[in-house]
Each structure stands twice: as C-alpha cells, then as structure tokens.
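Shown here: my_file.cif, mmCIF, C-alpha atoms and all ligand atoms.
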data_target
#
loop_
_atom_site.group_PDB
_atom_site.id
_atom_site.type_symbol
_atom_site.label_atom_id
_atom_site.label_comp_id
_atom_site.auth_asym_id
_atom_site.auth_seq_id
_atom_site.Cartn_x
_atom_site.Cartn_y
_atom_site.Cartn_z
ATOM 1 C CA MET C 1 9.886 -29.638 -36.370
ATOM 2 C CA MET C 2 8.629 -33.097 -37.238
ATOM 3 C CA PRO C 3 9.445 -34.455 -40.715
ATOM 4 C CA VAL C 4 6.648 -33.963 -43.247
ATOM 5 C CA PRO C 5 4.158 -36.869 -43.120
ATOM 6 C CA THR C 6 4.393 -38.624 -46.465
ATOM 7 C CA VAL C 7 2.594 -41.395 -48.304
ATOM 8 C CA VAL C 8 4.190 -42.898 -51.385
ATOM 9 C CA ALA C 9 2.437 -45.049 -53.980
ATOM 10 C CA ASN C 10 4.754 -47.597 -55.568
ATOM 11 C CA TRP C 11 2.860 -49.020 -58.518
ATOM 12 C CA LYS C 12 5.765 -51.323 -59.423
ATOM 13 C CA MET C 13 5.415 -52.947 -62.867
ATOM 14 C CA ASN C 14 1.666 -52.378 -63.001
ATOM 15 C CA THR C 15 -0.558 -50.074 -65.056
ATOM 16 C CA THR C 16 -0.429 -49.143 -68.729
ATOM 17 C CA ILE C 17 -0.162 -45.431 -69.501
ATOM 18 C CA HIS C 18 -3.929 -45.308 -69.777
ATOM 19 C CA GLU C 19 -4.464 -47.102 -66.467
ATOM 20 C CA ALA C 20 -1.821 -45.029 -64.694
ATOM 21 C CA THR C 21 -3.488 -41.826 -65.873
ATOM 22 C CA ARG C 22 -6.887 -42.998 -64.640
ATOM 23 C CA LEU C 23 -5.485 -44.025 -61.290
ATOM 24 C CA ALA C 24 -3.670 -40.706 -60.893
ATOM 25 C CA VAL C 25 -6.819 -38.774 -61.773
ATOM 26 C CA GLY C 26 -8.833 -40.829 -59.281
ATOM 27 C CA ILE C 27 -6.339 -40.128 -56.524
ATOM 28 C CA ARG C 28 -6.091 -36.450 -57.485
ATOM 29 C CA ASP C 29 -9.855 -35.965 -57.434
ATOM 30 C CA GLY C 30 -10.322 -37.903 -54.215
ATOM 31 C CA LEU C 31 -7.532 -36.138 -52.422
ATOM 32 C CA GLY C 32 -9.123 -32.722 -52.743
ATOM 33 C CA SER C 33 -10.270 -32.678 -49.157
ATOM 34 C CA VAL C 34 -7.273 -34.315 -47.511
ATOM 35 C CA SER C 35 -4.736 -31.849 -46.288
ATOM 36 C CA GLY C 36 -1.559 -32.750 -44.549
ATOM 37 C CA PRO C 37 0.556 -35.499 -45.943
ATOM 38 C CA GLU C 38 2.835 -35.185 -48.911
ATOM 39 C CA VAL C 39 1.463 -37.594 -51.523
ATOM 40 C CA ILE C 40 3.878 -39.053 -54.066
ATOM 41 C CA LEU C 41 2.881 -41.278 -56.979
ATOM 42 C CA CYS C 42 5.567 -43.531 -58.475
ATOM 43 C CA PRO C 43 4.353 -45.027 -61.754
ATOM 44 C CA PRO C 44 6.460 -46.976 -64.249
ATOM 45 C CA PHE C 45 8.884 -44.773 -66.235
ATOM 46 C CA ILE C 46 6.746 -44.682 -69.355
ATOM 47 C CA SER C 47 3.815 -43.197 -67.432
ATOM 48 C CA LEU C 48 5.749 -40.464 -65.629
ATOM 49 C CA GLN C 49 4.831 -37.792 -68.146
ATOM 50 C CA ALA C 50 1.143 -38.702 -68.202
ATOM 51 C CA VAL C 51 0.892 -38.878 -64.419
ATOM 52 C CA ARG C 52 2.777 -35.618 -64.080
ATOM 53 C CA ASP C 53 0.300 -33.942 -66.445
ATOM 54 C CA ALA C 54 -2.641 -35.491 -64.595
ATOM 55 C CA VAL C 55 -1.599 -34.116 -61.201
ATOM 56 C CA LEU C 56 -0.299 -30.748 -62.385
ATOM 57 C CA GLY C 57 -1.701 -27.972 -60.224
ATOM 58 C CA SER C 58 -2.596 -30.366 -57.390
ATOM 59 C CA GLN C 59 -0.620 -31.079 -54.220
ATOM 60 C CA ILE C 60 0.485 -34.461 -55.572
ATOM 61 C CA LYS C 61 4.131 -35.065 -56.420
ATOM 62 C CA VAL C 62 5.607 -37.647 -58.766
ATOM 63 C CA GLY C 63 8.513 -40.044 -58.379
ATOM 64 C CA ALA C 64 10.293 -42.767 -60.332
ATOM 65 C CA GLN C 65 10.865 -46.300 -59.042
ATOM 66 C CA ASN C 66 14.514 -46.554 -60.003
ATOM 67 C CA MET C 67 17.189 -44.976 -62.193
ATOM 68 C CA TYR C 68 20.790 -45.499 -63.212
ATOM 69 C CA SER C 69 23.610 -43.554 -61.613
ATOM 70 C CA GLU C 70 25.178 -42.022 -64.735
ATOM 71 C CA ALA C 71 23.866 -38.839 -66.342
ATOM 72 C CA SER C 72 24.064 -40.181 -69.920
ATOM 73 C CA GLY C 73 25.981 -42.608 -72.103
ATOM 74 C CA ALA C 74 26.082 -46.131 -73.476
ATOM 75 C CA PHE C 75 23.825 -47.834 -70.933
ATOM 76 C CA THR C 76 21.194 -49.526 -73.050
ATOM 77 C CA GLY C 77 17.802 -49.679 -71.443
ATOM 78 C CA GLU C 78 18.605 -47.412 -68.505
ATOM 79 C CA VAL C 79 17.100 -44.093 -67.455
ATOM 80 C CA SER C 80 19.262 -41.326 -66.037
ATOM 81 C CA PRO C 81 18.740 -38.819 -63.225
ATOM 82 C CA ALA C 82 19.064 -35.967 -65.716
ATOM 83 C CA MET C 83 16.152 -37.405 -67.697
ATOM 84 C CA LEU C 84 14.036 -37.897 -64.592
ATOM 85 C CA ARG C 85 14.682 -34.403 -63.353
ATOM 86 C CA GLU C 86 12.435 -33.035 -66.115
ATOM 87 C CA LEU C 87 9.624 -35.346 -65.081
ATOM 88 C CA CYS C 88 9.595 -35.807 -61.333
ATOM 89 C CA ASP C 89 10.968 -34.755 -57.965
ATOM 90 C CA TYR C 90 11.502 -38.098 -56.229
ATOM 91 C CA VAL C 91 13.076 -41.460 -56.965
ATOM 92 C CA ILE C 92 12.773 -44.742 -55.057
ATOM 93 C CA LEU C 93 16.225 -46.317 -54.702
ATOM 94 C CA GLY C 94 17.344 -49.644 -53.299
ATOM 95 C CA HIS C 95 13.918 -51.250 -53.281
ATOM 96 C CA SER C 96 14.275 -54.871 -52.174
ATOM 97 C CA GLU C 97 12.931 -56.107 -55.514
ATOM 98 C CA ARG C 98 15.747 -54.232 -57.252
ATOM 99 C CA ARG C 99 18.240 -55.651 -54.763
ATOM 100 C CA GLN C 100 16.949 -59.221 -55.095
ATOM 101 C CA LEU C 101 16.125 -59.436 -58.799
ATOM 102 C CA PHE C 102 18.290 -56.862 -60.562
ATOM 103 C CA GLY C 103 21.574 -56.802 -58.704
ATOM 104 C CA ASP C 104 21.228 -53.423 -57.011
ATOM 105 C CA ASN C 105 23.753 -53.959 -54.224
ATOM 106 C CA ASP C 106 24.640 -51.407 -51.551
ATOM 107 C CA ASP C 107 27.476 -49.923 -53.617
ATOM 108 C CA LEU C 108 25.286 -49.354 -56.670
ATOM 109 C CA VAL C 109 22.520 -47.968 -54.491
ATOM 110 C CA ASN C 110 25.062 -45.581 -53.030
ATOM 111 C CA LEU C 111 26.080 -44.350 -56.503
ATOM 112 C CA LYS C 112 22.415 -43.850 -57.353
ATOM 113 C CA VAL C 113 21.696 -41.967 -54.132
ATOM 114 C CA LYS C 114 24.603 -39.611 -54.780
ATOM 115 C CA ALA C 115 23.505 -39.124 -58.386
ATOM 116 C CA ALA C 116 19.980 -38.313 -57.255
ATOM 117 C CA PHE C 117 21.230 -35.609 -54.909
ATOM 118 C CA GLU C 118 23.543 -34.207 -57.593
ATOM 119 C CA HIS C 119 20.608 -33.839 -59.967
ATOM 120 C CA GLY C 120 18.184 -32.378 -57.472
ATOM 121 C CA LEU C 121 16.050 -35.498 -57.104
ATOM 122 C CA ARG C 122 14.864 -36.524 -53.647
ATOM 123 C CA PRO C 123 15.889 -40.137 -52.970
ATOM 124 C CA ILE C 124 13.513 -42.463 -51.145
ATOM 125 C CA LEU C 125 16.138 -44.911 -49.901
ATOM 126 C CA CYS C 126 14.706 -48.334 -49.085
ATOM 127 C CA VAL C 127 16.264 -50.593 -46.493
ATOM 128 C CA GLY C 128 15.061 -53.749 -44.806
ATOM 129 C CA GLU C 129 16.224 -57.126 -43.574
ATOM 130 C CA SER C 130 15.395 -60.537 -45.000
ATOM 131 C CA LEU C 131 13.550 -63.148 -42.976
ATOM 132 C CA GLU C 132 16.794 -65.061 -42.614
ATOM 133 C CA GLN C 133 18.532 -61.999 -41.173
ATOM 134 C CA ARG C 134 15.636 -61.354 -38.784
ATOM 135 C CA ASP C 135 15.562 -64.941 -37.585
ATOM 136 C CA ALA C 136 19.310 -64.815 -36.993
ATOM 137 C CA GLY C 137 18.877 -61.722 -34.812
ATOM 138 C CA ARG C 138 20.678 -59.560 -37.346
ATOM 139 C CA ALA C 139 17.822 -57.289 -38.495
ATOM 140 C CA GLY C 140 19.211 -54.143 -36.925
ATOM 141 C CA ALA C 141 22.757 -54.811 -38.092
ATOM 142 C CA ALA C 142 21.590 -55.494 -41.661
ATOM 143 C CA VAL C 143 19.562 -52.295 -41.828
ATOM 144 C CA ALA C 144 22.347 -50.210 -40.291
ATOM 145 C CA GLN C 145 24.773 -51.596 -42.850
ATOM 146 C CA GLN C 146 22.438 -50.782 -45.767
ATOM 147 C CA LEU C 147 22.083 -47.231 -44.477
ATOM 148 C CA ARG C 148 25.785 -46.696 -43.851
ATOM 149 C CA THR C 149 26.806 -47.951 -47.268
ATOM 150 C CA GLY C 150 23.855 -46.459 -49.106
ATOM 151 C CA LEU C 151 24.679 -43.019 -47.728
ATOM 152 C CA ALA C 152 28.476 -43.280 -47.799
ATOM 153 C CA GLY C 153 30.065 -40.076 -49.035
ATOM 154 C CA VAL C 154 26.840 -38.108 -48.739
ATOM 155 C CA VAL C 155 27.415 -34.920 -46.785
ATOM 156 C CA ASP C 156 24.109 -33.095 -47.077
ATOM 157 C CA ILE C 157 20.994 -35.242 -46.630
ATOM 158 C CA THR C 158 18.521 -32.442 -47.229
ATOM 159 C CA GLY C 159 15.647 -33.976 -49.174
ATOM 160 C CA LEU C 160 16.316 -37.576 -48.176
ATOM 161 C CA LEU C 161 13.521 -39.974 -47.219
ATOM 162 C CA VAL C 162 14.141 -43.452 -45.817
ATOM 163 C CA ALA C 163 11.705 -46.318 -46.152
ATOM 164 C CA TYR C 164 11.957 -49.341 -43.882
ATOM 165 C CA GLU C 165 10.601 -52.330 -45.756
ATOM 166 C CA PRO C 166 11.295 -55.685 -44.131
ATOM 167 C CA VAL C 167 11.595 -58.048 -47.080
ATOM 168 C CA TRP C 168 9.373 -60.644 -45.414
ATOM 169 C CA ALA C 169 6.540 -58.109 -45.216
ATOM 170 C CA ILE C 170 6.472 -56.968 -48.828
ATOM 171 C CA GLY C 171 3.561 -58.225 -50.896
ATOM 172 C CA THR C 172 3.026 -61.074 -48.451
ATOM 173 C CA GLY C 173 0.064 -59.726 -46.523
ATOM 174 C CA ARG C 174 2.261 -60.200 -43.467
ATOM 175 C CA ALA C 175 2.957 -56.654 -42.312
ATOM 176 C CA ALA C 176 5.383 -56.044 -39.491
ATOM 177 C CA THR C 177 3.749 -55.003 -36.248
ATOM 178 C CA PRO C 178 4.000 -51.289 -35.444
ATOM 179 C CA GLU C 179 6.221 -52.256 -32.516
ATOM 180 C CA ILE C 180 8.666 -54.208 -34.690
ATOM 181 C CA ALA C 181 8.747 -51.371 -37.211
ATOM 182 C CA ALA C 182 9.236 -48.772 -34.483
ATOM 183 C CA GLU C 183 12.082 -50.718 -32.937
ATOM 184 C CA ILE C 184 14.035 -50.630 -36.186
ATOM 185 C CA MET C 185 12.887 -47.194 -37.316
ATOM 186 C CA GLY C 186 13.074 -45.268 -34.048
ATOM 187 C CA GLY C 187 16.094 -47.260 -32.920
ATOM 188 C CA THR C 188 18.376 -48.445 -35.695
ATOM 189 C CA ILE C 189 17.451 -46.062 -38.504
ATOM 190 C CA GLN C 190 17.018 -42.854 -36.515
ATOM 191 C CA GLY C 191 20.056 -43.745 -34.438
ATOM 192 C CA SER C 192 22.239 -44.371 -37.489
ATOM 193 C CA LEU C 193 21.083 -41.181 -39.184
ATOM 194 C CA ASN C 194 21.688 -39.164 -36.021
ATOM 195 C CA ALA C 195 25.173 -40.598 -35.654
ATOM 196 C CA LEU C 196 26.036 -39.963 -39.297
ATOM 197 C CA PHE C 197 24.378 -36.615 -39.896
ATOM 198 C CA GLY C 198 23.596 -34.977 -36.557
ATOM 199 C CA ASP C 199 20.726 -32.503 -36.394
ATOM 200 C CA ALA C 200 19.876 -32.844 -40.083
ATOM 201 C CA ALA C 201 18.656 -36.385 -39.352
ATOM 202 C CA ALA C 202 15.648 -35.042 -37.488
ATOM 203 C CA GLN C 203 14.101 -33.787 -40.750
ATOM 204 C CA VAL C 204 14.232 -37.089 -42.641
ATOM 205 C CA PRO C 205 10.777 -38.641 -43.077
ATOM 206 C CA LEU C 206 10.877 -42.331 -42.108
ATOM 207 C CA LEU C 207 8.281 -44.413 -43.959
ATOM 208 C CA TYR C 208 7.140 -47.932 -43.193
ATOM 209 C CA GLY C 209 6.491 -50.235 -46.157
ATOM 210 C CA GLY C 210 5.326 -53.818 -46.492
ATOM 211 C CA SER C 211 1.672 -54.863 -46.806
ATOM 212 C CA VAL C 212 0.362 -51.463 -45.683
ATOM 213 C CA ASN C 213 -3.410 -51.192 -46.086
ATOM 214 C CA PRO C 214 -6.286 -49.083 -44.736
ATOM 215 C CA ASP C 215 -6.734 -51.505 -41.827
ATOM 216 C CA ASN C 216 -3.197 -51.401 -40.480
ATOM 217 C CA VAL C 217 -1.833 -47.981 -41.466
ATOM 218 C CA ALA C 218 -3.165 -46.143 -38.404
ATOM 219 C CA GLY C 219 -1.155 -48.413 -36.125
ATOM 220 C CA PHE C 220 2.056 -47.564 -37.919
ATOM 221 C CA ALA C 221 1.277 -43.858 -38.198
ATOM 222 C CA ALA C 222 0.514 -43.733 -34.468
ATOM 223 C CA GLN C 223 4.187 -44.416 -33.763
ATOM 224 C CA GLU C 224 6.064 -41.175 -33.259
ATOM 225 C CA CYS C 225 9.089 -42.412 -35.201
ATOM 226 C CA ILE C 226 7.030 -43.388 -38.279
ATOM 227 C CA HIS C 227 6.139 -40.453 -40.514
ATOM 228 C CA GLY C 228 4.285 -42.188 -43.315
ATOM 229 C CA ALA C 229 4.075 -45.185 -45.594
ATOM 230 C CA LEU C 230 5.413 -46.634 -48.821
ATOM 231 C CA VAL C 231 2.501 -48.521 -50.300
ATOM 232 C CA GLY C 232 2.614 -51.159 -53.027
ATOM 233 C CA GLY C 233 -0.447 -53.312 -53.662
ATOM 234 C CA ALA C 234 -2.963 -51.081 -51.899
ATOM 235 C CA SER C 235 -1.822 -48.063 -53.922
ATOM 236 C CA LEU C 236 -3.264 -49.609 -57.088
ATOM 237 C CA GLN C 237 -6.794 -48.923 -55.793
ATOM 238 C CA ALA C 238 -7.515 -45.195 -55.585
ATOM 239 C CA ASP C 239 -9.980 -45.578 -52.714
ATOM 240 C CA GLN C 240 -7.586 -47.665 -50.622
ATOM 241 C CA PHE C 241 -4.646 -45.362 -51.191
ATOM 242 C CA LEU C 242 -6.799 -42.315 -50.400
ATOM 243 C CA GLU C 243 -7.926 -43.933 -47.164
ATOM 244 C CA ILE C 244 -4.284 -44.602 -46.262
ATOM 245 C CA ALA C 245 -3.487 -40.919 -46.938
ATOM 246 C CA ARG C 246 -6.470 -39.802 -44.851
ATOM 247 C CA LEU C 247 -5.594 -42.026 -41.913
ATOM 248 C CA THR C 248 -1.967 -40.913 -42.037
ATOM 249 C CA ALA C 249 -3.083 -37.272 -42.053
ATOM 250 C CA ARG C 250 -5.331 -37.910 -39.075
ATOM 251 C CA ALA C 251 -2.669 -39.720 -37.060
ATOM 252 C CA LYS C 252 -0.017 -37.131 -37.801
ATOM 253 C CA GLY C 253 -2.292 -34.068 -37.675
HETATM 254 P P1 LIG O 1 3.319 -53.954 -50.674
HETATM 255 O O1 LIG O 1 4.657 -53.344 -51.317
HETATM 256 O O2 LIG O 1 2.592 -52.789 -50.050
HETATM 257 O O3 LIG O 1 2.566 -54.537 -51.824
HETATM 258 O O4 LIG O 1 3.738 -54.953 -49.656
HETATM 259 C C1 LIG O 1 5.382 -52.343 -50.671
HETATM 260 C C2 LIG O 1 6.620 -52.036 -51.450
HETATM 261 O O5 LIG O 1 7.283 -52.979 -51.916
HETATM 262 O O6 LIG O 1 6.976 -50.861 -51.648
#
As a first step, turn the structure in this file into structure tokens.
Ligand code: PGA
Amino acid sequence: MMPVPTVVANWKMNTTIHEATRLAVGIRDGLGSVSGPEVILCPPFISLQAVRDAVLGSQIKVGAQNMYSEASGAFTGEVSPAMLRELCDYVILGHSERRQLFGDNDDLVNLKVKAAFEHGLRPILCVGESLEQRDAGRAGAAVAQQLRTGLAGVVDITGLLVAYEPVWAIGTGRAATPEIAAEIMGGTIQGSLNALFGDAAAQVPLLYGGSVNPDNVAGFAAQECIHGALVGGASLQADQFLEIARLTARAKG
C-alpha cells in the first residue's frame, strides 16, 4: 500500500492566537469536500490549543514545529514531547531554519526524533542540502547523512514522515523541479530508508517542501515517489493551502 498522501502547513513564526484560529477555521470549513490527503496544521506553540479546538471533530490533525528532547526539567524556554502529546499528534523536527539559526545539528535532531517516538508523537523529519552542497555535487550524500544520523538508534519507524526541503528552495520562490526532487526522494531518501529499515520504509510518506504553491504542487504530486507537501508561505492563505490539498488529493487519488 502507498503511504498516506499528506499535506502539512508550517506556519513558522507567523500568526497570533487569534489569527491562527481564524486560519484553522478557514481551512477546516473549506476542506469539507476534499477527501483523501491527511492534512496537518503546525502553528506556533502558543496556538496549538486553539487550533486543536478549532479542528476538533474534523479530519485535520495538528503538529508542532519543534520541541526539546527531554521530557521535563531545567530547560528554560523549551517545550517537551510530554507537553506536546496532550496537544498534537505530529512534530516537525530538523527544519533547516532550526538547523541554520538555532543550532539543531544532526545529533540533537536524532535525540528529538527518538524522544518523539518514545512519547507517541509522529516526527516529520526534515532533510535537505544547501546550495553549496548541491553545487559541489554532494546533495545526495548530504541528505543521506542527515537521514542516517537523524534516525540512528531508531528501530521502529512506524509513524515517521520525511520531508525533503532543499535549503535553496525554502522561502525563495525557487522551488526544485519535480525531477530534481524525485531524484533525491525516490533515489537517495527511499533508498536510504529501504537499506536501514527494510519493508517498513515503504509506508513512510515522503513530502516535498520549498516554495510549494497551487501552481507547482501538481508537478510534485505527480511523481510516484512524492506523497505530499510541506508548505510554508502558501499555507498562510487558507484558499492557497486548500487548493494545494485538493490538487494533491487529485494527483494521488
Ligand atoms: P516555503 O517553506 O513553502 O515558504 O518555502 C517551506 C518550509 O520551510 O517548510
């Protein structure tokens, strides 16, 4: 069976609680007629409760954008997996903005991934090469390394999602081509997961992320090895995100 088609909204550090609630309600109401893809909204921490309440009873799921790896303790300013477990089912880990700006290296990402599994949260593990790595012909090697280290020590990957987000494509308006994405996703990522986890790898949804919008999503979703999208900027407009969900459903239906 094919992995479940999935579209994830990553609102990043945007939306107040009020705005997040309105956006969630808009997506909830608009989604009524779309069946098919799993839809996951990832608001800032402080809006998790409000968004969760807004989508209760609908098909929409909620995720966080990050967390710390420890369950509790003296870690001022951090949020733990145990806390998130009461609020959401998913957590984005290893996003390139976390890696670049907040020191989330592969080892820390690995601790977070393991903590997510331990607490029953589904990790959306983000990987992706920098422009420098791509230009040096090391895109595949960089992504394989992020996956290997990020998943080190993990035995059971049930519930895992992997997002391929080339750093040069995020927020730049310069999306990868479906062919470039498919080469890494169907080749490097699927190959690494198969080698590490055998048959279980076939159930992992692989999402493309980086300047996804209603105009380009169909091209990505048409690739057999791409099961959905992780959407930043375009997920802040309910109509655009809904269109992305619709087009993904159509391509994967
Ligand atoms: P973008 O962000 O769609 O705005 O490029 C994607 C992401 O960083 O998850």
Give me the residues near Ala249 in chain C as a JSON list (two decimals) with C-alpha atoms, in the coordinates of the input, where near means some atom within 7 Å (using only C-alpha atoms) and where sequence neighbours in that chain fewer than 3 positions away do not count.
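Contents of selection.json, as written:
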[["chain", "number", "residue", "atom", "x", "y", "z"],
["C", 36, "GLY", "CA", -1.56, -32.75, -44.55],
["C", 37, "PRO", "CA", 0.56, -35.50, -45.94],
["C", 245, "ALA", "CA", -3.49, -40.92, -46.94],
["C", 246, "ARG", "CA", -6.47, -39.80, -44.85],
["C", 252, "LYS", "CA", -0.02, -37.13, -37.80],
["C", 253, "GLY", "CA", -2.29, -34.07, -37.67]]
The PyMOL selection byres (((not hetatm)) within 8 of (chain O and resi 1)) resolved against shown file, as a PDB file with C-alpha atoms, keeping the file's coordinate frame:
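Written file, part.pdb:
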ATOM      1  CA  ALA C   9       2.437 -45.049 -53.980  1.00  0.00           C
ATOM      2  CA  ASN C  10       4.754 -47.597 -55.568  1.00  0.00           C
ATOM      3  CA  LYS C  12       5.765 -51.323 -59.423  1.00  0.00           C
ATOM      4  CA  HIS C  95      13.918 -51.250 -53.281  1.00  0.00           C
ATOM      5  CA  SER C  96      14.275 -54.871 -52.174  1.00  0.00           C
ATOM      6  CA  GLU C  97      12.931 -56.107 -55.514  1.00  0.00           C
ATOM      7  CA  GLU C 165      10.601 -52.330 -45.756  1.00  0.00           C
ATOM      8  CA  ALA C 169       6.540 -58.109 -45.216  1.00  0.00           C
ATOM      9  CA  ILE C 170       6.472 -56.968 -48.828  1.00  0.00           C
ATOM     10  CA  GLY C 171       3.561 -58.225 -50.896  1.00  0.00           C
ATOM     11  CA  THR C 172       3.026 -61.074 -48.451  1.00  0.00           C
ATOM     12  CA  GLY C 173       0.064 -59.726 -46.523  1.00  0.00           C
ATOM     13  CA  ALA C 175       2.957 -56.654 -42.312  1.00  0.00           C
ATOM     14  CA  GLY C 209       6.491 -50.235 -46.157  1.00  0.00           C
ATOM     15  CA  GLY C 210       5.326 -53.818 -46.492  1.00  0.00           C
ATOM     16  CA  SER C 211       1.672 -54.863 -46.806  1.00  0.00           C
ATOM     17  CA  VAL C 212       0.362 -51.463 -45.683  1.00  0.00           C
ATOM     18  CA  ASN C 213      -3.410 -51.192 -46.086  1.00  0.00           C
ATOM     19  CA  LEU C 230       5.413 -46.634 -48.821  1.00  0.00           C
ATOM     20  CA  VAL C 231       2.501 -48.521 -50.300  1.00  0.00           C
ATOM     21  CA  GLY C 232       2.614 -51.159 -53.027  1.00  0.00           C
ATOM     22  CA  GLY C 233      -0.447 -53.312 -53.662  1.00  0.00           C
ATOM     23  CA  ALA C 234      -2.963 -51.081 -51.899  1.00  0.00           C
ATOM     24  CA  SER C 235      -1.822 -48.063 -53.922  1.00  0.00           C
TER      25      SER C 235
END
Practice prompt. Using only C-alpha atoms, determine which residues lie at most 12 Å from Arg138 in chain C, disregarding the query and same-chain residues fewer than 6 positions distant; provide the list as number ranges by chain.
Written response: C: 128-132, 144-145, 184, 188
Worksheet item: At what distance in Å, to one decimal, does CA of Pro3 in chain C lie from CA of Val204 in chain C?
Response: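 Distance reported for this atom pair: 5.8 Å.
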Discussion item. As a check of understanding, name the residues that the PyMOL selection byres (((chain C and resi 225) around 10) and not hetatm) selects in the supplied structure, as a list in words.
Written reply: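 When the PyMOL selection byres (((chain C and resi 225) around 10) and not hetatm) is applied, the selected residues are Met2, Pro3, Ala181, Ala182, Glu183, Ile184, Met185, Gly186, Gly187, Ile189, Gln190, Pro205, Leu206, Leu207, Tyr208, Phe220, Ala221, Ala222, Gln223, Glu224, Ile226, His227 and Gly228 of chain C.
Proximity to Lys112 in chain C at 9 Å, evaluated using only C-alpha atoms and with sequence-adjacent residues fewer than 2 positions away removed, yields Asn66, Met67, Tyr68, Ser69, Glu70, Pro81, Leu93, Gly94, Asp107, Leu108, Val109, Asn110, Lys114, Ala115, Ala116, Phe117, Pro123 and Gly150 of chain C.
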Worksheet item: Closest to Arg134 in chain C among C:Ala24, C:Ala176, C:Met83, C:Ile40, using all atoms listed in the file?
Response: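 Counting all atoms listed in the file, the residue closest to Arg134 in chain C is C:Ala176.
You will find CA of Arg99 in chain C at 19.5 Å from CA of Arg122 in chain C.
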Just need the box for range 210-218 of chain C, edges along x, y and z, holding every atom the file lists for it with 3 Å tacked onto each side, so centre and edge lengths in Å to one decimal, as AutoDock Vina command-line options.
--center_x -0.7 --center_y -50.5 --center_z -42.6 --size_x 18.1 --size_y 14.7 --size_z 14.4
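With CA of Ser47 in chain C on one side and CA of Val127 in chain C on the other, the separation reads 25.5 Å.
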Item to complete: Would you please work out which residue, of C:Cys88, C:Leu111, C:Ala229, C:Val39, is nearest to Asp53 in chain C when using all atoms listed in the file?
Response: C:Cys88
Item to complete: Compare C:Gly32, C:Ala139, C:Arg148, C:Thr248 by their minimum atom-to-atom distance to Trp168 in chain C, counting only C-alpha atoms, and give me the closest one.
Response: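 Of the candidates, the smallest distance to Trp168 in chain C is held by C:Ala139.
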Fill in: the PyMOL selection byres (((chain C and resi 65) around 7) and not hetatm) applied to the shown file, residues as a ChimeraX atom specification
/C:42,44,63-64,66,91-93
Export C-alpha atoms of the chosen residues as an mmCIF file, keeping the file's coordinate frame?
data_model
loop_
_atom_site.group_PDB
_atom_site.id
_atom_site.type_symbol
_atom_site.label_atom_id
_atom_site.label_comp_id
_atom_site.auth_asym_id
_atom_site.auth_seq_id
_atom_site.Cartn_x
_atom_site.Cartn_y
_atom_site.Cartn_z
ATOM 1 C CA CYS C 42 5.567 -43.531 -58.475
ATOM 2 C CA PRO C 44 6.460 -46.976 -64.249
ATOM 3 C CA GLY C 63 8.513 -40.044 -58.379
ATOM 4 C CA ALA C 64 10.293 -42.767 -60.332
ATOM 5 C CA ASN C 66 14.514 -46.554 -60.003
ATOM 6 C CA VAL C 91 13.076 -41.460 -56.965
ATOM 7 C CA ILE C 92 12.773 -44.742 -55.057
ATOM 8 C CA LEU C 93 16.225 -46.317 -54.702
#
